[in-house]
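Chemist: Okay, here's the structure, questions in a sec.
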Amino acid sequence: MSQDPQWGRRGKDGPPDLDEIIRQFTNKLKQFFGGTPGRPSEPTPSDGRAVVGGIGVAIGIVGVLWIASGFYVVDAREEAVVLRFGRYVQTTDPGLHWRMPWPVEQHEIVKLSEVRSVEVGFSGSTKNRVADEALMLTEDQNIVDMQLEVQYDVKNSRDFVFNNASRDGDGYDLVKQAAETSIREIVGRNKVDFVLNEGRGQVAADATRMIQNLLDDYGTGIRVSRVNINDVQPPEEVQAAFADAVKAGQDKVKQTNEGLAYANDVIPKARGFAARLLQEAEGYKARVIAESEGNASRFTQVAAEYAKAPQVTRDRMYLDTMQQILSSSSKVLVDQKSGNGNLLYLPLDKLMQMSGPAGAATEQATVPVETGVVRAPRQDSQGRGEREGR
């Protein structure tokens, strides 16, 4: 192999001279530190000392900058996880901190209060439906189209940094997989009517609890704050049939409520009427019993008095009976001794009203009545009486 005769020489097309580069660098260092640059053709012993001193100063500056690179600031809503050769060292709170510079130690800032969200069944907007994620099977072998959003944040920065193996580093993929698994299990345990109508809130609550349990089992350091079910619909091919079924269910509820309202109106009235009849019957029973007992007691007392004075008792019974009969009669009795044969005018309508209702009480007039005499009946020894009068 032949040696190039131009090697080491500086020409237009050849490589640069190494000695020349060193001399130029030394002169620049001398100028930077206030020295006088030497001539290229006359190297001096001080040139070496200046070079060494410049290199030491440069190394010192680099060392200061390297040490200063260990300072970092953590905001109020953040935490920093410090790693030493990739191993966890500590978690620092908000403020100014220092760690050993890279590559010995490094830190990762974790935002605790930032609310992140994961979409299942759609992308960006509910109109951008993702069929593979949205279609789910219920317990009664029906298919529903569900779109939901999971909101979460960080509760443990160390677990979030070390146990969150996801492509984006923000836990998005892991939360989405847990959300799909949980919501499909919950929908599969319930019937389609429950998922579509009255059970949406319950489904969201169960999904929040199940997703959180899965994330805690994996130790991800993620806290699920809320699950929002944006839309739950049957597939487009059977939406009309589902709408008819929902309408029929609503009509059933309406008719049931109307029947209950009618029953609540009629049943209390019937119970009240029955109670009134029972009370009236009890009152009638008590009245009849009381009257019977009173009549029996009175008969017993009359029998005792009759045994003492039969004639007086018979007269008294006759007078009481006649008073009771004549009090409801329309006939008027006038004593002839008090009238002296004169013609009297009596207000029969007033007398009728005072004596009670009778067949002749409808006549509202005052008519002349001749005086007459009604003698008391004479009684024989057997107690029979004879009525005389004219």
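Ligands are numbered from 1 in the order shown, chains are lettered A, B, ... in the order of the structure tokens, and residues start at 1 in each chain.
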Residues of stretch 105-219 of chain A classed as alpha helix (DSSP H) by DSSP on the backbone are to be reported as a PyMOL selection string.
Modeler: chain A and resi 131-134+157-162+172-188+192-196+200-218
Chemist: Just list the residues in stretch 63-159 of chain A DSSP gives strand (DSSP E) on the backbone, as JSON, numbers by chain.
Modeler: {"A": [71, 72, 73, 74, 78, 79, 80, 81, 82, 83, 84, 87, 88, 89, 90, 91, 92, 95, 96, 97, 98, 105, 106, 107, 108, 109, 110, 111, 116, 117, 118, 119, 120, 122, 123, 125, 126, 127, 128, 129, 135, 136, 137, 143, 144, 145, 146, 147, 148, 149, 150, 151, 152, 153, 154]}
Chemist: Near A:Glu236, counting only C-alpha atoms, which residues have an atom at most 12 Å away, once you skip same-chain residues fewer than 2 positions from it, shown as a VMD selection string?
Modeler: chain A and resid 131 135 143 to 145 232 to 234 238 to 243
Chemist: Residues within 10 Å of stretch 183-185 of chain A, please, as JSON, numbers by chain. Count only C-alpha atoms; anything in the same chain fewer than 6 positions from it doesn't count.
Modeler: {"A": [120, 133, 134, 135, 136, 137, 138, 139, 146, 148, 203, 204, 206, 207, 208, 210, 211]}
Chemist: What is the atom CA of A:Glu198-atom CA of A:Thr256 distance in Å, reported with one decimal?
Modeler: 17.8 Å
Chemist: Pick out the residues sitting within 10 Å of A:Ala205, and hand them over as JSON, numbers by chain; count only C-alpha atoms, and ignore anything fewer than 5 positions along from it in its own chain.
Modeler: {"A": [199, 200, 210, 226, 227, 228]}
Chemist: From the options A:Gly56, A:Pro235, A:Gly201, A:Gly188, which residue's atoms come nearest to A:Arg129, counting only C-alpha atoms?
Modeler: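 Closest to A:Arg129, using only C-alpha atoms: A:Pro235.
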Chemist: Stretch 150-217 of chain A near stretch 244-252 of chain A within 12 Å: what's each residue's closest atom pair and its distance in Å to one decimal, counting only C-alpha atoms, ordered by chain then ascending residue number, as JSON lines?
Modeler:
```
{"residue": "A:Val192", "atom": "CA", "partner": "A:Val246", "partner_atom": "CA", "distance": 11.3}
{"residue": "A:Asp193", "atom": "CA", "partner": "A:Val246", "partner_atom": "CA", "distance": 8.6}
{"residue": "A:Phe194", "atom": "CA", "partner": "A:Val246", "partner_atom": "CA", "distance": 11.6}
{"residue": "A:Leu196", "atom": "CA", "partner": "A:Val246", "partner_atom": "CA", "distance": 9.7}
{"residue": "A:Asn197", "atom": "CA", "partner": "A:Val246", "partner_atom": "CA", "distance": 8.9}
{"residue": "A:Glu198", "atom": "CA", "partner": "A:Val246", "partner_atom": "CA", "distance": 11.7}
```
Chemist: With only C-alpha atoms as the counted atoms, please give the residues lying no more than 8 Å from A:Asp153, apart from itself and same-chain residues fewer than 6 positions off, as JSON, numbers by chain.
Modeler: {"A": [112, 113, 114, 115, 116, 222, 223, 224, 225]}
Chemist: Given the selection you just returned, output its residues as a file containing all heavy atoms, formatted as a compact mmCIF listing (two decimals), in the first residue's frame.
Modeler:
```txt
# COMPACT_ATOMS: atom_id res chain seq x y z
N LEU A 112 -52.81 15.38 38.78
CA LEU A 112 -53.81 14.67 39.58
C LEU A 112 -55.23 15.13 39.30
O LEU A 112 -56.15 14.33 39.26
CB LEU A 112 -53.49 14.85 41.07
CG LEU A 112 -52.14 14.31 41.54
CD1 LEU A 112 -51.95 14.59 43.02
CD2 LEU A 112 -52.02 12.82 41.27
N SER A 113 -55.43 16.41 39.16
CA SER A 113 -56.79 16.96 39.05
C SER A 113 -57.32 17.00 37.62
O SER A 113 -58.47 17.41 37.41
CB SER A 113 -56.84 18.37 39.64
OG SER A 113 -55.95 19.22 38.94
N GLU A 114 -56.55 16.60 36.67
CA GLU A 114 -57.00 16.63 35.28
C GLU A 114 -58.02 15.50 35.05
O GLU A 114 -57.74 14.34 35.32
CB GLU A 114 -55.83 16.47 34.33
CG GLU A 114 -56.23 16.51 32.87
CD GLU A 114 -55.04 16.31 31.94
OE1 GLU A 114 -53.92 16.10 32.46
OE2 GLU A 114 -55.23 16.33 30.71
N VAL A 115 -59.19 15.87 34.56
CA VAL A 115 -60.25 14.90 34.29
C VAL A 115 -60.09 14.40 32.85
O VAL A 115 -60.15 15.18 31.90
CB VAL A 115 -61.64 15.52 34.49
CG1 VAL A 115 -62.73 14.49 34.16
CG2 VAL A 115 -61.79 16.02 35.92
N ARG A 116 -59.89 13.12 32.72
CA ARG A 116 -59.74 12.49 31.41
C ARG A 116 -61.01 11.73 31.09
O ARG A 116 -61.75 11.35 31.99
CB ARG A 116 -58.52 11.57 31.41
CG ARG A 116 -57.22 12.26 31.83
CD ARG A 116 -56.15 11.25 32.19
NE ARG A 116 -54.87 11.84 32.50
CZ ARG A 116 -54.52 12.33 33.68
NH1 ARG A 116 -55.38 12.27 34.70
NH2 ARG A 116 -53.33 12.86 33.88
N ILE A 222 -55.91 4.74 39.15
CA ILE A 222 -56.92 5.55 38.45
C ILE A 222 -58.21 5.50 39.25
O ILE A 222 -58.61 4.45 39.75
CB ILE A 222 -57.14 5.03 37.01
CG1 ILE A 222 -55.85 5.20 36.19
CG2 ILE A 222 -58.30 5.75 36.34
CD1 ILE A 222 -55.92 4.60 34.81
N ARG A 223 -58.88 6.66 39.34
CA ARG A 223 -60.17 6.75 40.01
C ARG A 223 -61.24 7.15 39.00
O ARG A 223 -61.11 8.17 38.32
CB ARG A 223 -60.13 7.78 41.15
CG ARG A 223 -61.47 8.00 41.82
CD ARG A 223 -61.40 8.96 43.00
NE ARG A 223 -60.74 10.20 42.64
CZ ARG A 223 -59.60 10.62 43.18
NH1 ARG A 223 -58.98 9.88 44.08
NH2 ARG A 223 -59.06 11.78 42.82
N VAL A 224 -62.29 6.33 38.91
CA VAL A 224 -63.41 6.62 38.00
C VAL A 224 -64.36 7.58 38.71
O VAL A 224 -64.90 7.27 39.77
CB VAL A 224 -64.15 5.33 37.60
CG1 VAL A 224 -65.32 5.65 36.69
CG2 VAL A 224 -63.19 4.37 36.91
N SER A 225 -64.54 8.74 38.13
CA SER A 225 -65.41 9.75 38.75
C SER A 225 -66.85 9.64 38.31
O SER A 225 -67.77 9.87 39.11
CB SER A 225 -64.88 11.16 38.44
OG SER A 225 -64.81 11.37 37.04
```
Chemist: Contacts of A:Ala80 at 6 Å or less, counting only C-alpha atoms, minus same-chain residues fewer than 3 places along, as an mmCIF file with N, CA and C atoms, in the first residue's frame?
Modeler:
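And here is the file that came out, result-v7.cif:
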```cif
data_model
loop_
_atom_site.group_PDB
_atom_site.id
_atom_site.type_symbol
_atom_site.label_atom_id
_atom_site.label_comp_id
_atom_site.auth_asym_id
_atom_site.auth_seq_id
_atom_site.Cartn_x
_atom_site.Cartn_y
_atom_site.Cartn_z
ATOM 1 N N THR A 91 -42.053 10.325 45.958
ATOM 2 C CA THR A 91 -43.059 11.173 45.316
ATOM 3 C C THR A 91 -43.009 12.538 45.984
ATOM 4 N N THR A 92 -42.814 13.575 45.199
ATOM 5 C CA THR A 92 -42.664 14.925 45.732
ATOM 6 C C THR A 92 -43.941 15.725 45.529
ATOM 7 N N GLU A 108 -40.973 12.291 36.700
ATOM 8 C CA GLU A 108 -42.131 12.355 35.802
ATOM 9 C C GLU A 108 -43.245 13.104 36.517
ATOM 10 N N ILE A 109 -43.788 14.116 35.851
ATOM 11 C CA ILE A 109 -44.865 14.938 36.400
ATOM 12 C C ILE A 109 -46.202 14.271 36.094
#
```
Chemist: Using atom CA of A:Phe299 and atom CA of A:Tyr318 as the two end points, give the distance in Å to one decimal.
Modeler: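 The value is 14.7 Å.
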Chemist: Just to confirm, what's the straight-line distance from atom CA of A:Val150 to atom CA of A:Asp231 in Å (one decimal)?
Modeler: 13.5 Å
